[in-house]
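Novice: Before anything else, here's the structure in question.
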Amino acid sequence: MANDKVKNMLETMSRNGWRVTEQRKTLAGIFANYDGYLSPKDVYDQMVVQYPSVSFDTVYRNLRMLSEMGVLEHFYFMEGGLKFRENCISHHHHHLICVNCEKTLPFEYCPMEQNVNLPGNYKVLRHRFEVYGLCEECQLQ
């Protein structure tokens, strides 16, 4: 399964005109093998082990570009700042995100399917919907 995820990420990079380098393969592997969110520093700390000369700016720039092309999703946590995770591209869904442990639960209900009356004759091209709260386990602590 992780190999399929890496393959899909690399194919998306290639379709977007990126050279698929060993560093980018490693970057894809980091996210394919991790089920959660990683900060840019988390990713940098893993990348620098294998590529000691890689800069934090290079890692951060790659994360932003991968997010823009849809390979990664990014979320902003009030306490933890900007974090990334592999994009769920298999089907359309949204997320419940625990602000304490960062556990994420997908949910299939899409508020945009309810004929939302948007101002200004706005044409929606894509959207994300995230609900932040406390998961069941964190509520019990």
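All residue names refer to the structure tokens as shown: chains lettered A, B, ... in order, residues numbered from 1 in each chain, ligands numbered from 1 in order.
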List as a PyMOL selection string the protein and nucleic acid residues near Leu105 (chain A), meaning an atom at most 8 Å away when only C-alpha atoms are counted, but skip any in the same chain fewer than 5 places from it.
Specialist: chain A and resi 95-97
Novice: Nearest to Phe75 (chain A) among A:Val6, A:Arg24, A:Gln46, A:Asn87, with distances taken over only C-alpha atoms: which residue is it?
Specialist: A:Asn87
Novice: Tell me, which residues of chain A carry DSSP strand (DSSP E or B), written as an MDAnalysis selection string?
Specialist: chainID A and resid 38 72:77 81:86 94:98 104:107 130:133
Novice: Would you mind telling me which residue in A:Val49, A:Met112, A:Thr12, A:Gly29 lies nearest to Met65 (chain A) when using only C-alpha atoms?
Specialist: A:Thr12
Novice: Ranking A:Lys7, A:Lys41, A:Lys25, A:His92 by minimum distance to Gly80 (chain A) and counting only C-alpha atoms, which one comes first?
Specialist: A:Lys41
Novice: So that I can check the secondary structure, give me every residue of region 13-101 of chain A assigned alpha helix (DSSP H) by backbone DSSP, as a ChimeraX atom specification.
Specialist: /A:13-15,22-32,40-50,56-68
Novice: What's the separation between CA of Val20 (chain A) and CA of Ser39 (chain A), in Å to one decimal place?
Specialist: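 According to the coordinates, CA of Val20 (chain A) and CA of Ser39 (chain A) are separated by 22.3 Å.
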Novice: A:Val131, A:Gly81, A:Pro111, A:Leu38: which is nearest Leu63 (chain A), counting only C-alpha atoms?
Specialist: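 The answer is A:Leu38, which sits nearest to Leu63 (chain A).
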Novice: Residues within 9 Å of Asn3 (chain A), please, as a list of chain:residue names. Count only C-alpha atoms; anything in the same chain fewer than 5 positions from it doesn't count.
Specialist: A:Asn8, A:Gly29, A:Ala32, A:Asn33
Novice: Would you export the selected residues with all heavy atoms as an mmCIF file, in the first residue's frame, please?
Specialist:
```cif
data_model
loop_
_atom_site.group_PDB
_atom_site.id
_atom_site.type_symbol
_atom_site.label_atom_id
_atom_site.label_comp_id
_atom_site.auth_asym_id
_atom_site.auth_seq_id
_atom_site.Cartn_x
_atom_site.Cartn_y
_atom_site.Cartn_z
ATOM 1 N N ASN A 8 1.959 6.939 -6.699
ATOM 2 C CA ASN A 8 0.972 7.954 -7.074
ATOM 3 C C ASN A 8 1.518 9.365 -6.863
ATOM 4 O O ASN A 8 1.297 10.255 -7.688
ATOM 5 C CB ASN A 8 -0.322 7.764 -6.276
ATOM 6 C CG ASN A 8 -1.082 6.535 -6.709
ATOM 7 O OD1 ASN A 8 -0.913 6.035 -7.809
ATOM 8 N ND2 ASN A 8 -1.919 6.031 -5.813
ATOM 9 N N GLY A 29 8.098 8.986 0.358
ATOM 10 C CA GLY A 29 8.112 7.831 1.252
ATOM 11 C C GLY A 29 7.829 8.197 2.696
ATOM 12 O O GLY A 29 7.159 7.450 3.423
ATOM 13 N N ALA A 32 4.078 8.634 2.812
ATOM 14 C CA ALA A 32 3.356 7.390 2.521
ATOM 15 C C ALA A 32 3.409 6.429 3.706
ATOM 16 O O ALA A 32 2.501 5.630 3.900
ATOM 17 C CB ALA A 32 3.943 6.725 1.279
ATOM 18 N N ASN A 33 4.453 6.532 4.503
ATOM 19 C CA ASN A 33 4.635 5.612 5.624
ATOM 20 C C ASN A 33 4.244 6.212 6.965
ATOM 21 O O ASN A 33 4.507 5.614 8.000
ATOM 22 C CB ASN A 33 6.090 5.137 5.671
ATOM 23 C CG ASN A 33 6.419 4.242 4.506
ATOM 24 O OD1 ASN A 33 5.768 3.224 4.310
ATOM 25 N ND2 ASN A 33 7.396 4.626 3.720
#
```
Novice: At what distance in Å, to one decimal, does CA of Phe129 (chain A) lie from CA of Tyr109 (chain A)?
Specialist: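 Atom-to-atom, CA of Tyr109 (chain A) to CA of Phe129 (chain A), that is 10.1 Å.
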Novice: Hey, which of A:Phe31, A:Phe84, A:Phe107, A:Phe77 ends up closest to Tyr132 (chain A)? Count only C-alpha atoms.
Specialist: A:Phe77
